[in-house]
file coords_30.txt (compact mmCIF, C-alpha atoms)
# COMPACT_ATOMS: atom_id res chain seq x y z
CA MET A 177 220.26 42.73 153.55
CA ILE A 178 220.24 39.13 152.32
CA TRP A 179 216.52 38.85 152.99
CA GLU A 180 215.85 42.15 151.17
CA MET A 181 217.68 40.82 148.13
CA ASN A 182 215.69 37.57 148.14
CA ARG A 183 212.26 38.69 149.31
CA TRP A 184 210.84 37.76 145.90
CA LEU A 185 211.58 34.09 146.63
CA LEU A 186 208.63 31.79 147.35
CA PRO A 187 208.59 28.74 149.68
CA GLN A 188 209.75 25.44 148.22
CA GLY A 189 207.03 23.90 146.07
CA ILE A 190 205.00 27.14 145.86
CA GLU A 191 204.91 28.99 142.56
CA ASP A 192 203.33 31.91 140.73
CA VAL A 193 201.13 30.91 137.81
CA LEU A 194 201.85 33.32 134.97
CA PRO A 195 199.37 34.44 132.28
CA GLU A 196 199.76 31.82 129.55
CA ARG A 197 199.72 28.90 131.99
CA ALA A 198 196.97 30.49 134.07
CA GLU A 199 194.78 30.81 130.96
CA ALA A 200 195.36 27.13 130.14
CA ILE A 201 194.56 26.00 133.70
CA GLU A 202 191.43 28.12 133.98
CA GLY A 203 190.19 27.06 130.56
CA LEU A 204 190.67 23.41 131.50
CA ARG A 205 188.93 23.94 134.86
CA ARG A 206 185.84 25.28 133.10
CA ARG A 207 185.79 22.46 130.56
CA VAL A 208 186.23 19.73 133.15
CA LEU A 209 183.54 21.14 135.46
CA ASP A 210 181.23 21.40 132.45
CA LEU A 211 182.03 17.74 131.71
CA TYR A 212 181.17 16.75 135.28
CA HIS A 213 177.95 18.75 135.07
CA ARG A 214 176.97 16.81 131.94
CA TRP A 215 177.53 13.58 133.87
CA GLY A 216 175.19 14.77 136.64
CA TYR A 217 177.69 15.90 139.30
CA ALA A 218 176.73 18.89 141.48
CA LEU A 219 179.47 21.43 142.28
CA ILE A 220 180.31 22.30 145.90
CA MET A 221 182.91 24.68 147.37
CA PRO A 222 184.20 23.66 150.82
CA PRO A 223 186.34 26.17 152.76
CA GLU A 224 190.11 26.23 152.40
CA VAL A 225 190.62 26.00 156.18
CA GLU A 226 188.78 24.08 158.90
CA PHE A 227 189.28 23.13 162.52
CA LEU A 228 191.53 20.07 162.65
CA ASP A 229 188.94 18.04 164.55
CA SER A 230 186.72 18.21 161.50
CA LEU A 231 189.33 18.30 158.75
CA LEU A 232 191.16 15.12 159.82
CA THR A 233 188.28 13.05 161.20
CA GLY A 234 188.35 9.47 159.95
CA VAL A 235 191.18 9.87 157.44
CA GLY A 236 194.20 8.31 159.19
CA GLY A 237 197.60 9.69 160.10
CA ASP A 238 199.03 10.17 156.60
CA LEU A 239 196.81 13.15 155.82
CA SER A 240 197.62 14.71 159.19
CA LEU A 241 201.33 14.71 158.30
CA ARG A 242 200.57 16.47 155.02
CA THR A 243 198.35 19.14 156.60
CA MET A 244 199.66 22.65 157.31
CA LYS A 245 198.45 23.63 160.79
CA VAL A 246 197.88 27.11 162.27
CA VAL A 247 196.23 28.58 165.35
CA ASP A 248 192.93 30.38 164.77
CA GLN A 249 193.43 33.82 166.34
CA ALA A 250 189.68 34.20 166.87
CA SER A 251 189.13 31.01 168.89
CA GLY A 252 192.55 29.72 169.90
CA HIS A 253 191.80 26.34 168.30
CA LEU A 254 194.04 24.56 165.79
CA MET A 255 193.04 24.87 162.16
CA GLY A 256 194.40 23.20 159.08
CA PHE A 257 194.72 24.23 155.45
CA ARG A 258 193.17 21.36 153.54
CA ALA A 259 195.67 18.99 151.93
CA ASP A 260 192.91 16.96 150.24
CA MET A 261 189.33 18.00 149.49
CA THR A 262 187.83 14.49 149.48
CA PRO A 263 187.25 14.30 153.27
CA GLN A 264 185.54 17.69 153.11
CA VAL A 265 183.18 16.43 150.43
CA ALA A 266 182.38 13.37 152.58
CA ARG A 267 181.58 15.70 155.49
CA VAL A 268 179.23 17.73 153.30
CA ASP A 269 177.40 14.59 152.15
CA ALA A 270 177.06 13.25 155.68
CA ASN A 271 176.35 16.45 157.56
CA ARG A 272 175.06 19.20 155.27
CA LEU A 273 172.88 17.55 152.64
CA GLU A 274 169.67 15.63 153.18
CA GLY A 275 168.46 12.49 151.41
CA GLU A 276 169.50 8.85 151.37
CA GLY A 277 169.73 8.12 147.67
CA PRO A 278 172.84 8.15 145.47
CA ARG A 279 174.54 11.53 145.33
CA ARG A 280 177.15 12.82 142.87
CA LEU A 281 179.33 15.77 143.93
CA CYS A 282 182.30 17.48 142.28
CA TYR A 283 184.74 20.22 143.27
CA ALA A 284 187.73 22.27 142.18
CA GLY A 285 189.94 24.27 144.52
CA SER A 286 193.43 24.88 145.87
CA VAL A 287 194.92 22.58 148.49
CA LEU A 288 198.15 23.03 150.45
CA ARG A 289 200.65 20.33 151.40
CA ALA A 290 202.98 20.73 154.38
CA HIS A 291 205.89 19.09 152.55
CA PRO A 292 207.00 18.71 148.91
CA ASP A 293 206.54 15.26 147.40
CA ASN A 294 209.33 13.14 145.91
CA TYR A 295 208.48 14.16 142.35
CA GLY A 296 209.03 17.89 142.68
CA ARG A 297 205.39 18.68 142.15
CA SER A 298 203.60 21.71 143.52
CA ARG A 299 202.73 21.87 147.22
CA ALA A 300 199.68 23.89 146.21
CA PRO A 301 197.85 21.79 143.60
CA LEU A 302 194.54 22.88 142.13
CA GLN A 303 192.60 19.75 143.00
CA ILE A 304 189.66 18.67 140.91
CA GLY A 305 187.57 15.62 141.62
CA ALA A 306 184.24 13.86 141.74
CA GLU A 307 182.64 11.59 144.33
CA VAL A 308 179.65 9.23 144.43
CA PHE A 309 177.93 8.55 147.77
CA GLY A 310 175.30 5.99 148.67
CA VAL A 311 176.18 3.23 146.16
CA ALA A 312 178.09 0.19 147.41
CA GLY A 313 178.35 -1.79 144.17
CA PRO A 314 180.85 -1.68 141.30
CA THR A 315 178.60 0.49 139.11
CA ALA A 316 179.71 3.60 141.01
CA ASP A 317 183.40 2.61 140.85
CA ALA A 318 183.07 1.99 137.12
CA GLU A 319 181.36 5.36 136.61
CA VAL A 320 184.07 7.39 138.35
CA ILE A 321 186.79 5.47 136.49
CA GLY A 322 184.92 6.25 133.27
CA LEU A 323 184.80 9.89 134.33
CA MET A 324 188.54 9.78 135.00
CA ALA A 325 189.10 8.54 131.45
CA ALA A 326 186.77 11.23 130.08
CA THR A 327 188.73 13.89 132.00
CA LEU A 328 191.99 12.71 130.44
CA SER A 329 190.30 12.82 127.04
CA GLU A 330 189.26 16.42 127.74
CA VAL A 331 192.93 17.18 128.43
CA GLY A 332 193.81 15.64 125.08
CA ILE A 333 195.36 12.47 126.51
CA ARG A 334 194.23 9.32 124.69
CA ASP A 335 197.13 7.03 125.55
CA PHE A 336 196.98 6.20 129.27
CA THR A 337 196.98 3.24 131.64
CA LEU A 338 194.32 2.61 134.29
CA ASP A 339 195.98 0.74 137.13
CA LEU A 340 193.61 -1.25 139.40
CA GLY A 341 194.13 -2.74 142.84
CA HIS A 342 192.01 -3.73 145.83
CA VAL A 343 192.93 -2.77 149.38
CA GLY A 344 190.46 -5.38 150.64
CA LEU A 345 192.75 -8.21 149.52
CA TYR A 346 195.64 -6.99 151.69
CA ARG A 347 193.24 -6.27 154.57
CA ALA A 348 191.91 -9.83 154.44
CA LEU A 349 195.39 -11.34 154.59
CA VAL A 350 196.62 -9.06 157.39
CA LYS A 351 193.48 -9.77 159.41
CA ALA A 352 194.55 -13.41 159.63
CA LEU A 353 197.86 -12.40 161.27
CA ASP A 354 196.49 -10.54 164.28
CA ALA A 355 199.46 -8.14 163.98
CA ASP A 356 199.98 -5.10 166.20
CA ALA A 357 200.06 -1.63 164.61
CA ASP A 358 203.85 -1.37 164.37
CA SER A 359 204.26 -4.80 162.81
CA GLU A 360 201.45 -4.15 160.35
CA ALA A 361 203.02 -0.84 159.35
CA ARG A 362 206.37 -2.56 158.65
CA LEU A 363 204.59 -5.28 156.72
CA ARG A 364 202.65 -2.76 154.63
CA ASP A 365 205.82 -0.77 153.89
CA ALA A 366 207.57 -3.93 152.69
CA VAL A 367 204.60 -4.77 150.42
CA ARG A 368 204.49 -1.21 149.09
CA ARG A 369 208.24 -1.22 148.31
CA LYS A 370 208.02 -4.80 147.02
CA ASP A 371 210.87 -5.66 149.40
CA ARG A 372 210.70 -9.46 149.64
CA GLU A 373 213.50 -9.72 152.20
CA ALA A 374 211.88 -7.27 154.65
CA LEU A 375 208.50 -8.89 154.01
CA GLY A 376 209.83 -12.36 154.82
CA GLU A 377 211.52 -11.15 158.01
CA THR A 378 208.34 -9.47 159.28
CA LEU A 379 206.20 -12.51 158.48
CA GLU A 380 208.70 -14.70 160.32
CA GLU A 381 208.45 -12.46 163.40
CA LEU A 382 204.66 -12.63 163.28
CA GLY A 383 204.61 -16.41 163.00
CA ALA A 384 202.36 -16.37 159.94
CA ASP A 385 200.95 -19.73 158.90
CA ALA A 386 202.11 -21.18 155.59
CA ASP A 387 199.08 -20.20 153.46
CA VAL A 388 198.91 -16.58 154.64
CA ARG A 389 202.68 -16.19 154.39
CA ARG A 390 202.74 -17.53 150.85
CA ALA A 391 199.86 -15.25 149.84
CA LEU A 392 201.51 -12.11 151.27
CA GLU A 393 204.85 -12.97 149.66
CA VAL A 394 203.12 -13.38 146.29
CA LEU A 395 201.09 -10.16 146.63
CA PRO A 396 203.85 -7.68 145.63
CA THR A 397 204.52 -9.69 142.45
CA LEU A 398 200.94 -9.47 141.23
CA HIS A 399 201.23 -6.65 138.72
CA GLY A 400 200.65 -6.75 134.99
CA GLY A 401 197.80 -7.60 132.63
CA MET A 402 194.60 -9.64 132.92
CA GLU A 403 196.59 -12.77 133.78
CA VAL A 404 197.20 -11.24 137.22
CA LEU A 405 193.61 -11.91 138.26
CA ASP A 406 194.04 -15.63 137.65
CA GLU A 407 197.38 -15.70 139.45
CA ALA A 408 195.84 -13.88 142.41
CA ARG A 409 193.49 -16.75 143.16
CA SER A 410 196.35 -18.38 145.04
CA CYS A 411 196.00 -15.53 147.56
CA ALA A 412 192.33 -16.26 148.29
CA VAL A 413 193.14 -18.09 151.52
CA ASN A 414 190.02 -16.87 153.33
CA THR A 415 186.51 -15.72 152.48
CA GLU A 416 187.31 -12.00 152.64
CA ALA A 417 190.23 -12.35 150.22
CA ALA A 418 188.08 -14.31 147.77
CA GLN A 419 185.33 -11.67 147.99
CA ALA A 420 187.82 -8.90 147.22
CA LEU A 421 188.99 -10.68 144.07
CA ASP A 422 185.41 -11.44 143.04
CA GLY A 423 184.54 -7.76 143.40
CA LEU A 424 187.55 -6.71 141.34
CA GLU A 425 186.60 -9.11 138.55
CA VAL A 426 183.06 -7.71 138.43
CA LEU A 427 184.47 -4.18 138.23
CA VAL A 428 186.69 -5.25 135.32
CA GLU A 429 183.61 -6.55 133.50
CA HIS A 430 181.94 -3.16 133.92
CA LEU A 431 185.02 -1.38 132.59
CA HIS A 432 185.17 -3.61 129.53
CA ARG A 433 181.58 -2.62 128.80
CA ARG A 434 182.74 1.01 128.92
CA ASP A 435 185.43 0.24 126.30
CA LEU A 436 188.24 0.74 128.80
CA GLY A 437 189.57 -2.81 128.75
CA ASP A 438 192.56 -1.95 126.56
CA HIS A 439 193.76 0.58 129.14
CA LEU A 440 193.71 -1.75 132.16
CA SER A 441 196.63 -3.03 134.20
CA PHE A 442 196.77 -4.40 137.75
CA ASP A 443 198.87 -3.97 140.86
CA LEU A 444 197.40 -6.02 143.68
CA GLY A 445 200.27 -5.05 145.97
CA GLU A 446 199.10 -1.42 145.88
CA VAL A 447 198.38 -0.43 149.48
CA ARG A 448 198.27 3.34 148.98
CA GLY A 449 195.74 4.90 151.30
CA TYR A 450 195.35 1.78 153.43
CA ASP A 451 194.10 3.86 156.39
CA TYR A 452 191.57 5.51 154.13
CA HIS A 453 190.46 3.23 151.29
CA THR A 454 188.32 0.17 151.84
CA GLY A 455 188.00 -1.50 148.43
CA PRO A 456 189.12 -0.99 144.82
CA VAL A 457 191.80 1.64 144.21
CA PHE A 458 192.65 3.04 140.81
CA SER A 459 195.21 5.36 139.22
CA ALA A 460 195.83 6.79 135.77
CA TYR A 461 199.36 6.89 134.36
CA VAL A 462 200.67 8.60 131.25
CA SER A 463 204.01 8.31 129.51
CA GLY A 464 206.78 10.47 130.93
CA GLN A 465 205.25 10.80 134.41
CA GLY A 466 206.76 8.70 137.18
CA GLU A 467 203.71 9.18 139.40
CA ALA A 468 200.00 8.80 138.61
CA VAL A 469 198.23 11.88 137.23
CA PHE A 470 194.82 10.85 138.63
CA TYR A 471 193.90 8.83 141.70
CA GLY A 472 190.76 7.26 143.05
CA GLY A 473 189.26 4.54 145.16
CA ARG A 474 186.48 3.36 147.42
CA TYR A 475 186.34 4.71 150.97
CA ASP A 476 183.11 3.44 152.51
CA GLY A 477 182.03 4.67 155.91
CA ILE A 478 184.11 7.84 156.28
CA GLY A 479 180.93 9.86 156.84
CA GLY A 480 180.17 7.82 159.97
CA ALA A 481 182.34 10.20 162.00
CA PHE A 482 179.96 12.98 160.98
CA GLY A 483 176.80 11.06 161.86
CA ARG A 484 175.99 9.21 158.65
CA SER A 485 177.99 6.29 157.29
CA ARG A 486 177.59 5.87 153.53
CA PRO A 487 179.35 3.95 150.76
CA ALA A 488 181.62 6.27 148.80
CA THR A 489 183.98 6.24 145.85
CA GLY A 490 185.72 8.97 143.89
CA ILE A 491 188.61 10.39 141.88
CA SER A 492 190.87 13.44 142.09
CA GLY A 493 193.74 15.04 140.22
CA ASP A 494 195.77 18.23 139.93
CA LEU A 495 194.55 20.65 137.26
CA LYS A 496 197.92 22.39 137.14
CA LEU A 497 199.63 19.14 136.21
CA LEU A 498 196.89 18.15 133.76
CA ALA A 499 197.08 21.55 132.03
CA ASP A 500 200.85 21.13 131.69
CA LEU A 501 200.23 17.76 130.00
CA MET A 502 197.90 19.20 127.37
CA PRO A 503 199.32 18.95 123.84
CA ARG A 504 201.08 22.18 122.98
CA GLU A 505 199.45 23.73 119.96
CA GLY A 506 200.34 27.19 118.78
CA ALA A 507 197.46 29.38 119.85
CA ALA A 508 195.99 31.28 116.93
CA PRO A 509 195.66 35.03 117.54
CA ALA A 510 192.21 35.87 118.84
CA GLY A 511 190.41 39.08 119.63
CA VAL A 512 190.33 42.66 118.49
CA LEU A 513 192.46 45.69 119.36
CA ALA A 514 190.43 48.92 119.58
CA PRO A 515 191.71 52.50 119.60
CA ALA A 516 192.25 54.29 122.89
CA GLU A 517 189.84 57.12 122.16
CA GLY A 518 187.00 57.95 119.84
CA PRO A 519 183.39 59.10 119.64
CA ASP A 520 180.54 57.43 121.51
CA ALA A 521 180.06 55.12 118.54
CA LEU A 522 183.47 53.56 119.31
CA GLN A 523 182.40 52.55 122.80
CA ARG A 524 179.12 51.18 121.46
CA ALA A 525 181.02 49.09 118.92
CA ILE A 526 183.34 47.75 121.64
CA GLN A 527 180.40 46.90 123.92
CA SER A 528 178.58 45.17 121.05
CA LEU A 529 181.57 42.98 120.24
CA ARG A 530 182.12 42.05 123.89
CA ALA A 531 178.42 41.20 124.25
CA GLN A 532 178.92 38.72 121.39
CA GLY A 533 181.74 37.06 123.33
CA VAL A 534 184.57 38.65 121.37
CA ARG A 535 187.77 39.53 123.23
CA VAL A 536 188.30 43.27 122.74
CA VAL A 537 191.42 44.98 124.10
CA GLN A 538 191.35 48.76 124.08
CA ALA A 539 194.65 50.55 123.63
CA LEU A 540 195.56 52.74 126.58
CA GLU A 541 197.30 55.46 124.55
CA GLY A 542 197.20 56.89 121.07
CA LEU A 543 199.37 55.02 118.56
CA SER A 544 200.46 55.50 115.00
CA GLU A 545 199.01 53.06 112.46
CA ALA A 546 202.24 51.03 112.35
CA ASP A 547 202.53 50.96 116.14
CA PHE A 548 198.84 50.05 116.40
CA GLN A 549 199.39 47.03 114.14
CA ALA A 550 202.49 46.03 116.14
CA GLU A 551 200.60 46.36 119.42
CA ALA A 552 197.82 44.12 118.08
CA ARG A 553 200.38 41.44 117.21
CA ARG A 554 202.04 41.79 120.64
CA LEU A 555 198.69 41.34 122.41
CA GLY A 556 197.74 38.31 120.31
CA CYS A 557 194.88 40.04 118.49
CA ALA A 558 193.92 38.82 115.05
CA GLN A 559 191.95 41.96 114.13
CA ILE A 560 191.84 45.69 114.72
CA LEU A 561 188.81 47.96 115.04
CA VAL A 562 188.90 50.79 112.47
CA HIS A 563 186.53 53.53 111.36
CA ASP A 564 185.50 53.86 107.71
CA GLU A 565 183.50 56.79 106.43
CA GLY A 566 180.03 55.57 105.53
CA GLN A 567 180.54 52.15 107.19
CA GLY A 568 181.17 53.16 110.78
CA TRP A 569 183.35 51.01 113.02
CA ARG A 570 184.38 47.63 111.63
CA THR A 571 187.03 45.00 112.16
CA LYS A 572 189.77 44.10 109.74
CA PRO A 573 192.65 41.59 109.91
CA VAL A 574 195.97 42.56 111.40
CA GLU A 575 198.67 42.95 108.77
CA PRO A 576 201.53 40.43 108.99
CA GLN A 577 204.97 41.61 109.89
CA ALA A 578 207.10 42.61 106.94
CA ASP A 579 209.48 39.62 107.40
CA GLU A 580 206.65 37.03 107.63
call {"tool": "encode", "arguments": {"input": "coords_30.txt", "output": "structure tokens"}}
result
Amino acid sequence: MIWEMNRWLLPQGIEDVLPERAEAIEGLRRRVLDLYHRWGYALIMPPEVEFLDSLLTGVGGDLSLRTMKVVDQASGHLMGFRADMTPQVARVDANRLEGEGPRRLCYAGSVLRAHPDNYGRSRAPLQIGAEVFGVAGPTADAEVIGLMAATLSEVGIRDFTLDLGHVGLYRALVKALDADADSEARLRDAVRRKDREALGETLEELGADADVRRALEVLPTLHGGMEVLDEARSCAVNTEAAQALDGLEVLVEHLHRRDLGDHLSFDLGEVRGYDYHTGPVFSAYVSGQGEAVFYGGRYDGIGGAFGRSRPATGISGDLKLLADLMPREGAAPAGVLAPAEGPDALQRAIQSLRAQGVRVVQALEGLSEADFQAEARRLGCAQILVHDEGQGWRTKPVEPQADE
């Protein structure tokens, strides 16, 4: 009985998308994919489910924990509903498409997360993103960051922060410690949480030398403006660390040339996606959102598991969230309400309007003139289709309500 009363309930983090919001999301999807097309990105559509062996190859344990797993009744093998489309796109580049030159790919589709996140966001985002394969230098990173900014502009967001980090800096410092997996995981968690006490205890256990210890203790404090890059030079205790900072500075130069310098901030203690990313990482933040609304980063070599290792970088975000962030403007009535019945000329008039791209809603029952006007207002139509002797079928504006 209890279940019958609550069978309309959906799982936690899963929601229906109702008409007004669905229209906004779909309209944004079309505009963003058109934007990506103008930038030269080719659209692909990977499947929503894959065998786990393929879906989780080369992406680390974090994605496995987020993946909903089921048994394929046809084969008996484990399958997963994708929790992130980026690895699928890397598989397509490595395994399904020929050619060695730079390749730009984009996508839009639903993903499913096994658990809700800490921000109460949907477990079934509509992920949109773009990836560049085959280019190792900062030009590709700068392009996808520029595309991220252009996407936010398409949403109507002009005031945002682009947060930059570089996983390579942390990798270079940890490499000098020769830490086992458990110790490294504790160290990374302390850096991520900016927990200096836990960080110091772990470094003490590992017997880190003075230079590496000082660099790792400083790392979580390196967040802010351009001054962070100068302060970070104290962390360049080996060649790899210096190269990571050099690469980040070159990327910043590219972004300044794209007029994005005023949006930049830095967090060199950002170790998100450590198992996955290999170089610069970037996120877009907007006011009122505790978590980034767009993510990206470099993940060279992931295609190696599919037979072809290539440099790669990309961005992704949730269209549902982005649509919710669009400035709310009262939608002006649009479209035409047509009568339910009439001569053949009525249907020809309706078909002609629709062929011109006009939204035409045909009433499903006969209505009085007053009810017809009210129905047009209820359906958000700005005009009605009427018949005039000598003029045939024509449109005229809907009359305002008497109290307007």
call {"tool": "atom_distance", "arguments": {"input": "coords_30.txt", "atom1": "atom CA of A:Pro573", "atom2": "atom CA of A:Pro509"}}
result
10.5 Å
call {"tool": "atom_distance", "arguments": {"input": "coords_30.txt", "atom1": "atom CA of A:Leu398", "atom2": "atom CA of A:Ala348"}}
result
16.0 Å
call {"tool": "residues_around", "arguments": {"input": "coords_30.txt", "residues": "A:Ala325", "least_positions_apart": "4", "cutoff": "12 Å", "atoms": "all atoms listed in the file", "output": "PyMOL selection string"}}
result
chain A and resi 208+211+318-321+329-339+431+434-437+439-440+458-462+469-472+491-493
call {"tool": "atom_distance", "arguments": {"input": "coords_30.txt", "atom1": "atom CA of A:Arg362", "atom2": "atom CA of A:Val447"}}
result
12.3 Å
call {"tool": "residues_around", "arguments": {"input": "coords_30.txt", "residues": "A:Thr243", "least_positions_apart": "4", "cutoff": "12 Å", "atoms": "only C-alpha atoms", "output": "PyMOL selection string"}}
result
chain A and resi 224-228+231-232+235-239+254-261+287-292+299-300
call {"tool": "residues_around", "arguments": {"input": "coords_30.txt", "residues": "A:Ala312", "least_positions_apart": "4", "cutoff": "8 Å", "atoms": "only C-alpha atoms", "output": "MDAnalysis selection string"}}
result
chainID A and resid 316 476 487:488
call {"tool": "residues_around", "arguments": {"input": "coords_30.txt", "residues": "stretch 351-354 of chain A", "least_positions_apart": "5", "cutoff": "8 Å", "atoms": "only C-alpha atoms", "output": "JSON, numbers by chain"}}
result
{"A": [382, 384, 388]}
call {"tool": "closest_atom_pairs", "arguments": {"input": "coords_30.txt", "of": "stretch 392-461 of chain A", "to": "stretch 372-376 of chain A", "cutoff": "9 Å", "atoms": "only C-alpha atoms", "output": "CSV"}}
result
residue,atom,partner,partner_atom,distance
A:Leu392,CA,A:Leu375,CA,8.2
A:Glu393,CA,A:Arg372,CA,6.8
A:Pro396,CA,A:Arg372,CA,8.1
call {"tool": "closest_residue", "arguments": {"input": "coords_30.txt", "among": "A:Val311, A:Leu302, A:Leu543, A:Met221", "to": "A:Gln264", "atoms": "all atoms listed in the file"}}
result
A:Met221
call {"tool": "residues_around", "arguments": {"input": "coords_30.txt", "residues": "A:Asp210", "least_positions_apart": "4", "cutoff": "12 Å", "atoms": "only C-alpha atoms", "output": "PDB file with C-alpha atoms, in the frame of the given file"}}
result
ATOM      1  CA  GLY A 203     190.190  27.060 130.560  1.00  0.00           C
ATOM      2  CA  LEU A 204     190.670  23.410 131.500  1.00  0.00           C
ATOM      3  CA  ARG A 205     188.930  23.940 134.860  1.00  0.00           C
ATOM      4  CA  ARG A 206     185.840  25.280 133.100  1.00  0.00           C
ATOM      5  CA  ARG A 214     176.970  16.810 131.940  1.00  0.00           C
ATOM      6  CA  TRP A 215     177.530  13.580 133.870  1.00  0.00           C
ATOM      7  CA  GLY A 216     175.190  14.770 136.640  1.00  0.00           C
ATOM      8  CA  TYR A 217     177.690  15.900 139.300  1.00  0.00           C
ATOM      9  CA  ALA A 218     176.730  18.890 141.480  1.00  0.00           C
ATOM     10  CA  LEU A 219     179.470  21.430 142.280  1.00  0.00           C
ATOM     11  CA  CYS A 282     182.300  17.480 142.280  1.00  0.00           C
ATOM     12  CA  TYR A 283     184.740  20.220 143.270  1.00  0.00           C
ATOM     13  CA  ALA A 284     187.730  22.270 142.180  1.00  0.00           C
ATOM     14  CA  ALA A 326     186.770  11.230 130.080  1.00  0.00           C
ATOM     15  CA  THR A 327     188.730  13.890 132.000  1.00  0.00           C
ATOM     16  CA  GLU A 330     189.260  16.420 127.740  1.00  0.00           C
TER      17      GLU A 330
END
call {"tool": "closest_residue", "arguments": {"input": "coords_30.txt", "among": "A:Ala391, A:Met244, A:Ala516, A:Ala558", "to": "A:Ser544", "atoms": "all atoms listed in the file"}}
result
A:Ala516
call {"tool": "build_atoms", "arguments": {"input": "coords_30.txt", "residues": "stretch 490-501 of chain A", "atoms": "N, CA, C and O atoms", "output": "compact mmCIF listing (two decimals), keeping the file's coordinate frame"}}
result
# COMPACT_ATOMS: atom_id res chain seq x y z
N GLY A 490 185.45 7.73 144.61
CA GLY A 490 185.72 8.97 143.89
C GLY A 490 187.09 9.03 143.26
O GLY A 490 187.89 8.10 143.38
N ILE A 491 187.35 10.15 142.59
CA ILE A 491 188.61 10.39 141.88
C ILE A 491 189.07 11.82 142.15
O ILE A 491 188.26 12.69 142.50
N SER A 492 190.36 12.07 142.00
CA SER A 492 190.87 13.44 142.09
C SER A 492 192.20 13.54 141.36
O SER A 492 192.93 12.56 141.21
N GLY A 493 192.49 14.77 140.90
CA GLY A 493 193.74 15.04 140.22
C GLY A 493 194.11 16.50 140.37
O GLY A 493 193.34 17.29 140.92
N ASP A 494 195.27 16.87 139.84
CA ASP A 494 195.77 18.23 139.93
C ASP A 494 195.62 18.91 138.58
O ASP A 494 196.24 18.51 137.59
N LEU A 495 194.78 19.95 138.52
CA LEU A 495 194.55 20.65 137.26
C LEU A 495 195.81 21.33 136.73
O LEU A 495 195.98 21.45 135.51
N LYS A 496 196.68 21.78 137.61
CA LYS A 496 197.92 22.39 137.14
C LYS A 496 198.74 21.38 136.35
O LYS A 496 199.24 21.67 135.25
N LEU A 497 198.87 20.18 136.90
CA LEU A 497 199.63 19.14 136.21
C LEU A 497 198.93 18.74 134.91
O LEU A 497 199.58 18.60 133.87
N LEU A 498 197.62 18.56 134.95
CA LEU A 498 196.89 18.15 133.76
C LEU A 498 197.01 19.20 132.66
O LEU A 498 197.17 18.86 131.48
N ALA A 499 196.94 20.48 133.03
CA ALA A 499 197.08 21.55 132.03
C ALA A 499 198.47 21.52 131.40
O ALA A 499 198.63 21.76 130.20
N ASP A 500 199.49 21.21 132.21
CA ASP A 500 200.85 21.13 131.69
C ASP A 500 201.02 19.95 130.72
O ASP A 500 201.93 19.96 129.89
N LEU A 501 200.15 18.94 130.86
CA LEU A 501 200.23 17.76 130.00
C LEU A 501 199.45 17.93 128.70
O LEU A 501 199.54 17.08 127.81
